[in-house]
Amino acid sequence: MFSLSKAGVLILSGMIAVSVSFADGIDLARAEYGKYYRQITGRTPTKESVRFAIDRSISKRGNDAYTIRSETGGAVITGSNVRSLFYGLYDLLERRGGCHWFWDIDVVPHKEDIDLTGLDVNEEARFEYRGLRYFAHRGLTRFQAEHWGLDDWKREIDWCLKRRLNVFMLRIGQDDLFQRTFPDIVSYPDASKNLPGTGKGYDNRTLFWSLEYRGKLRHDLQQYAFARGLMVPEDFGTMTHWYSRTPEEFLEKMNPPFLPQTTAGYSEKNGLVWDVRDDKWVDAYWKLTQTAVEAYGQGKDRQQLLHTIGLGERRCYTNRQENLELKIASLKKFLARAHRDYPNAKTLLAGWDFYFTWRPEEVQELVRSLDPKRDIIWDYEGDSTRDYRPEMLDLGGNNFTKWGVVGKFPYTFSVFLAFENALDVRANYPLIEERQKIVQDDSACVGYIFWPESSHTDTLLLRFFTANAWSSTSVSHRQVLDEFCNSRYGALAPRMKSLWEKVIPVSYMSDWGSNYSYLFTRKSFGTKQYGPAGKTDAETWGRRLAEAKGVFAELAKIEWQGEAVRRDTIDLARTVLDRMMVMEAGTLAADFEKWQGGAENGAKMIAAANRLAGLADRMADLLELHTDYSLWESYLRLNEIEPVRNPNFPSVLFENAANTYCQSHQYELARYWYAPRAHEWAAKIETIIRSKDRKSPLQLESGEVLRNELQKRPLETLRPRSDRSPKVFAALMEVLSESP
């Protein structure tokens with residue numbers, strides 16, 4: 001028996017067969033199976049060896065689900081929707097083909113055939129939404145999604161499907177949204193010149209690719225995702241931010257009034273929020289959303305998700321109640337339009353601003369006014385250990401457990417991991433696993449998301465996140481580590497697991513932000529640097545680092561071959577080296593205070609300062625061994641994807657990375673800024689000690705002086721030059737293993 005649904009989809013015994021809506025997805029899944037079958041066996045599969053079908057009824061909880069069943073002559077993969085077909089396909093290739101999927105590599109073995117017998121797999125996601133955000137900072141290609149071309153995005157989207165994610169979001173600027181929305185007001189800028197109205201540091205949004213190209217790129221990559229069933233939220237609301245500035249032409253021709261603002265951030269006109277107390281400017285913002293949905297998204301009737309940051313990070317009035325009322329009123333205006341114009345879309349309300357400018361009872365007031373059938377608190381700071389405002393300290397902090405959502409209102413659990421400057425391994429598994437207990441069986445928690453400022457920083461954390469976003473029970477990081485090492489490293493799995501086990505306890509001693517570079521680039525050497533946020537003492541740091549330092553001797557003997565091993569060994573080494581320098585600097589600062597008080601520890605401090613400077617040199621040596629960390633090589637890759645038209649862009653790229661918010665493990669900065677400053681500090685400390693001037697402050701001229709001098713140099717002159725050979729890597733690890 002069969003019938004036609006209202007959508008014109010052919011239903012056969014409850015199963016959706018080939019239709020206009022799903023036929024393309026089935027064809028794509030079939031082609032993907034054929035691609036990997038050929039890689040594994042060297043042969044083309046028979047046409048019907050693996051069949052695909054879609055049946056919504058296999059989902060018991062209403063989330064993404066799939067089954068894999070053996071049948072005569074092959075197997076059938078049935079998904080609850082198009083994306084679930086791909087989940088089942090990649091699961092089959094992993095179970096029976098021996099494949100494993102990572103963001104940077106596919107592990108695909110060679111086999112005679114893929115065994116399709118005895119299959120009886122039933123899988124359904126615990127969380128309805130399982131997603132990633134890609135953010136707007138620039139610098140290094142591995143970590144910054146704005147650098148990626150269409151082929152990069154296709155690989156990334158495929159990886160999302162391989163790890164059974166269903167949502168991703170691009171927050172990489174407005175692309176050509178203003179030009180499409182207000183074509184008579186805003187023209188396309190000349191990509192060969194600096195962008196009008198641009199700022200400094202990360203605010204320097206000077207183009208490297210034209211907006212025409214960026215707009216097409218965004219459209220094409222999202223269409224690739226939609227064809228495979230993924231969801232992409234489009235922004236709505238007061239979306240003016242540092243990465244989505246109002247174009248100068250719009251300001252000049254439209255002269256929008258602005259909301260009041262009591263804080264200094266985003267104080268330039270192109271960073272101010274238009275005055276949405278007047279519906280004229282609500283409508284103007286709304287036009288941007290409508291254009292985004294039509295130009296990049298799924299279209300009015302098919303758009304599934306909309307996302308807003310609200311009045312993110314803004315304080316409009318000094319009076320808290322007035323500020324709250326304005327924020328809620330602004331949200332309500334945009335929510336009304338979202339519910340009216342996109343009746344099939346859920347609205348995601350970002351939790352970021354709640355942490356920074358709201359109190360728990362204020363969030364609770366907002367939540368009580370929302371529609372649980374349409375709205376979701378899209379929280380992405382579940383791993384926060386920080387209290388951002390002094391008034392929060394007396395309230396025990398502010399996080400999702402205090403917002404009146406647990407057990408009551410749809411919300412998401414998340415890992416934020418780190419700010420832009422934290423490009424190393426630092427997932428706080430004890431905290432994440434403890435908080436996950438709160439949400440695992442809470443039906444109100446509808447999502448598990450990873451919403452960082454940089455991508456691909458912590459490859460193990462990506463594995464942990466994707467495992468837990470799908471699983472109906474919590475999966476510990478130790479379980480994930482076992483699977484991760486066995487599937488990623490082959491014969492080196494035991495040795496790599498040993499390394500990870502030593503590094504993890506020291507990795508999360510540094511919190512969401514900061515890295516070793518800040519020890520050297522500021523004016524003052526500062527006080528003790530133990531963390532996170534002063535909560536982990538020197539004794540704990542010392543004990544954990546004593547064990548972690550053992551990784552260098554192990555690394556010196558490892559077979560440094562293959563993309564995964566080369567990348568991950570450097571990740572592990574630089575994380576330990578970073579924490580070593582933080583510890584050394586904290587101890588040195590404490591010893592200096594003792595010396596000022598009369599202690600005779602001067603020789604010890606001089607030796608420690610020189611040792612610290614030597615470690616800074618070694619970090620530069622380490623970062624030089626991989627293309628992941630070079631600004632110059634990242635620039636070259638940008639130019640390979642699409643010609644960079646602005647001849648000044650290498651300097652812009654340096655500025656985007658070298659500002660105080662973004663400075664991190666970039667090779668050119670490590671070699672020519674951080675290391676020389678470390679030696680200056682060592683010399684300064686020795687001068688003070690030998691002069692016996694115990695009242696002298698431990699200060700240097702601002703580190704920005706050297707940074708500004710470097711920015712005047714052609715970026716190419718700072719490029720890496722080392723031989724990236726196993727011999728050089730082993731020798732460096734030997735040197736580090738001998739560090740006291």
# chains A, B, ... in the order shown; residues from 1 in each chain; ligands from 1
call {"tool": "select_by_dssp", "arguments": {"residues": "segment 310-481 of chain A", "states": "strand (DSSP E or B)", "output": "PyMOL selection string"}}
result
chain A and resi 346-350+375-378+411-415+445-450
call {"tool": "write_last_selection", "arguments": {"atoms": "N, CA and C atoms", "output": "PDB file, in the first residue's frame"}}
result
ATOM      1  N   LYS A 346      12.969  27.795  15.163  1.00  0.00           N
ATOM      2  CA  LYS A 346      13.203  28.020  16.580  1.00  0.00           C
ATOM      3  C   LYS A 346      14.140  29.224  16.720  1.00  0.00           C
ATOM      4  N   THR A 347      13.959  29.980  17.806  1.00  0.00           N
ATOM      5  CA  THR A 347      14.803  31.141  18.042  1.00  0.00           C
ATOM      6  C   THR A 347      15.759  30.835  19.193  1.00  0.00           C
ATOM      7  N   LEU A 348      17.026  31.058  18.949  1.00  0.00           N
ATOM      8  CA  LEU A 348      18.089  30.741  19.897  1.00  0.00           C
ATOM      9  C   LEU A 348      18.577  32.034  20.540  1.00  0.00           C
ATOM     10  N   LEU A 349      18.474  32.129  21.861  1.00  0.00           N
ATOM     11  CA  LEU A 349      18.889  33.324  22.588  1.00  0.00           C
ATOM     12  C   LEU A 349      20.229  33.035  23.263  1.00  0.00           C
ATOM     13  N   ALA A 350      21.288  33.672  22.750  1.00  0.00           N
ATOM     14  CA  ALA A 350      22.637  33.394  23.228  1.00  0.00           C
ATOM     15  C   ALA A 350      22.788  33.746  24.703  1.00  0.00           C
ATOM     16  N   ASP A 375      11.245  29.245  21.685  1.00  0.00           N
ATOM     17  CA  ASP A 375      12.494  29.873  22.100  1.00  0.00           C
ATOM     18  C   ASP A 375      13.370  28.888  22.876  1.00  0.00           C
ATOM     19  N   ILE A 376      14.690  29.037  22.714  1.00  0.00           N
ATOM     20  CA  ILE A 376      15.667  28.197  23.410  1.00  0.00           C
ATOM     21  C   ILE A 376      16.766  29.092  23.974  1.00  0.00           C
ATOM     22  N   ILE A 377      17.091  28.909  25.257  1.00  0.00           N
ATOM     23  CA  ILE A 377      18.250  29.592  25.824  1.00  0.00           C
ATOM     24  C   ILE A 377      19.491  28.864  25.326  1.00  0.00           C
ATOM     25  N   TRP A 378      20.185  29.503  24.391  1.00  0.00           N
ATOM     26  CA  TRP A 378      21.321  28.888  23.698  1.00  0.00           C
ATOM     27  C   TRP A 378      22.599  29.228  24.470  1.00  0.00           C
ATOM     28  N   TYR A 411      16.905  24.637  26.994  1.00  0.00           N
ATOM     29  CA  TYR A 411      18.211  25.268  27.043  1.00  0.00           C
ATOM     30  C   TYR A 411      19.249  24.283  26.523  1.00  0.00           C
ATOM     31  N   THR A 412      20.464  24.783  26.321  1.00  0.00           N
ATOM     32  CA  THR A 412      21.555  23.920  25.864  1.00  0.00           C
ATOM     33  C   THR A 412      22.686  23.926  26.882  1.00  0.00           C
ATOM     34  N   PHE A 413      23.439  22.838  26.893  1.00  0.00           N
ATOM     35  CA  PHE A 413      24.672  22.722  27.666  1.00  0.00           C
ATOM     36  C   PHE A 413      25.829  22.853  26.688  1.00  0.00           C
ATOM     37  N   SER A 414      26.967  23.355  27.201  1.00  0.00           N
ATOM     38  CA  SER A 414      28.008  23.638  26.220  1.00  0.00           C
ATOM     39  C   SER A 414      29.402  23.632  26.818  1.00  0.00           C
ATOM     40  N   VAL A 415      30.361  23.648  25.920  1.00  0.00           N
ATOM     41  CA  VAL A 415      31.757  23.896  26.238  1.00  0.00           C
ATOM     42  C   VAL A 415      32.188  25.108  25.424  1.00  0.00           C
ATOM     43  N   CYS A 445      17.019  20.097  28.749  1.00  0.00           N
ATOM     44  CA  CYS A 445      18.283  20.363  28.054  1.00  0.00           C
ATOM     45  C   CYS A 445      18.215  19.719  26.674  1.00  0.00           C
ATOM     46  N   VAL A 446      18.072  20.540  25.656  1.00  0.00           N
ATOM     47  CA  VAL A 446      17.816  20.030  24.304  1.00  0.00           C
ATOM     48  C   VAL A 446      19.049  20.077  23.406  1.00  0.00           C
ATOM     49  N   GLY A 447      20.181  20.556  23.937  1.00  0.00           N
ATOM     50  CA  GLY A 447      21.355  20.649  23.073  1.00  0.00           C
ATOM     51  C   GLY A 447      22.649  20.529  23.830  1.00  0.00           C
ATOM     52  N   TYR A 448      23.667  20.068  23.095  1.00  0.00           N
ATOM     53  CA  TYR A 448      25.042  19.994  23.614  1.00  0.00           C
ATOM     54  C   TYR A 448      25.904  20.603  22.521  1.00  0.00           C
ATOM     55  N   ILE A 449      26.508  21.761  22.814  1.00  0.00           N
ATOM     56  CA  ILE A 449      27.174  22.500  21.757  1.00  0.00           C
ATOM     57  C   ILE A 449      28.585  22.915  22.181  1.00  0.00           C
ATOM     58  N   PHE A 450      29.408  23.199  21.196  1.00  0.00           N
ATOM     59  CA  PHE A 450      30.793  23.643  21.393  1.00  0.00           C
ATOM     60  C   PHE A 450      30.911  24.976  20.672  1.00  0.00           C
TER      61      PHE A 450
END
call {"tool": "residues_around", "arguments": {"residues": "segment 223-240 of chain A", "least_positions_apart": "4", "cutoff": "7 Å", "atoms": "only C-alpha atoms", "output": "VMD selection string"}}
result
chain A and resid 25 82 to 83 157 166 to 169 219 244 to 246 271 to 273 285 to 286 289 292 to 293 297 304 to 308 310 to 311 334
call {"tool": "atom_distance", "arguments": {"atom1": "atom CA of Arg694 of chain A", "atom2": "atom CA of Asp617 of chain A"}}
result
28.8 Å
call {"tool": "residues_around", "arguments": {"residues": "Asn323 of chain A", "least_positions_apart": "2", "cutoff": "12 Å", "atoms": "only C-alpha atoms", "output": "JSON, numbers by chain"}}
result
{"A": [259, 260, 261, 262, 311, 313, 314, 315, 316, 317, 318, 319, 320, 321, 325, 326, 327, 328, 329, 330, 357, 358, 359, 362]}
call {"tool": "residues_around", "arguments": {"residues": "segment 635-649 of chain A", "least_positions_apart": "6", "cutoff": "10 Å", "atoms": "only C-alpha atoms", "output": "number ranges by chain"}}
result
A: 139-141, 146-152, 190-195, 206-210, 213, 655, 714-716
call {"tool": "residues_around", "arguments": {"residues": "Leu577 of chain A", "least_positions_apart": "2", "cutoff": "10 Å", "atoms": "only C-alpha atoms", "output": "MDAnalysis selection string"}}
result
chainID A and resid 516 545 548:549 552 572:575 579:583 615:616 618:619 622 736
call {"tool": "write_last_selection", "arguments": {"atoms": "C-alpha atoms", "output": "JSON list (two decimals), in the first residue's frame"}}
result
[["chain", "number", "residue", "atom", "x", "y", "z"],
["A", 516, "TYR", "CA", 52.82, 32.54, 28.24],
["A", 545, "LEU", "CA", 54.28, 19.90, 36.08],
["A", 548, "ALA", "CA", 54.18, 16.47, 32.81],
["A", 549, "LYS", "CA", 57.80, 17.40, 32.06],
["A", 552, "PHE", "CA", 59.76, 15.63, 26.54],
["A", 572, "LEU", "CA", 51.14, 18.46, 23.75],
["A", 573, "ALA", "CA", 54.68, 19.84, 23.96],
["A", 574, "ARG", "CA", 53.66, 23.48, 23.56],
["A", 575, "THR", "CA", 50.93, 23.11, 26.19],
["A", 579, "ARG", "CA", 52.47, 26.05, 31.66],
["A", 580, "MET", "CA", 56.13, 25.65, 32.63],
["A", 581, "MET", "CA", 56.78, 29.28, 31.76],
["A", 582, "VAL", "CA", 53.71, 30.44, 33.68],
["A", 583, "MET", "CA", 54.95, 28.51, 36.71],
["A", 615, "LEU", "CA", 62.31, 28.42, 27.46],
["A", 616, "ALA", "CA", 60.83, 31.27, 25.41],
["A", 618, "ARG", "CA", 62.59, 26.90, 22.80],
["A", 619, "MET", "CA", 58.88, 27.68, 22.32],
["A", 622, "LEU", "CA", 58.89, 24.35, 18.60],
["A", 736, "LEU", "CA", 63.58, 20.39, 26.88]]
call {"tool": "residues_around", "arguments": {"residues": "Phe182 of chain A", "least_positions_apart": "4", "cutoff": "10 Å", "atoms": "only C-alpha atoms", "output": "PyMOL selection string"}}
result
chain A and resi 177-178+186-187+250+284+287-288+291
call {"tool": "atom_distance", "arguments": {"atom1": "atom CA of Val363 of chain A", "atom2": "atom CA of Asn63 of chain A"}}
result
27.7 Å
call {"tool": "residues_around", "arguments": {"residues": "Lys162 of chain A", "least_positions_apart": "5", "cutoff": "8 Å", "atoms": "only C-alpha atoms", "output": "list in words"}}
result
Phe86, Tyr87, Tyr90, Asp91 and Trp101 of chain A
call {"tool": "closest_residue", "arguments": {"among": "A:Phe102, A:Lys332, A:Phe525, A:Ala682", "to": "Arg277 of chain A", "atoms": "only C-alpha atoms"}}
result
A:Lys332
call {"tool": "closest_residue", "arguments": {"among": "A:Leu700, A:Leu706, A:Ala683, A:Leu631", "to": "Glu668 of chain A", "atoms": "only C-alpha atoms"}}
result
A:Leu631
call {"tool": "select_by_dssp", "arguments": {"residues": "segment 536-686 of chain A", "states": "alpha helix (DSSP H)", "output": "ChimeraX atom specification"}}
result
/A:538-548,550-556,563-596,602-623,631-641,649-658,667-669,675-686
call {"tool": "atom_distance", "arguments": {"atom1": "atom CA of Ser664 of chain A", "atom2": "atom CA of Asn421 of chain A"}}
result
5.0 Å
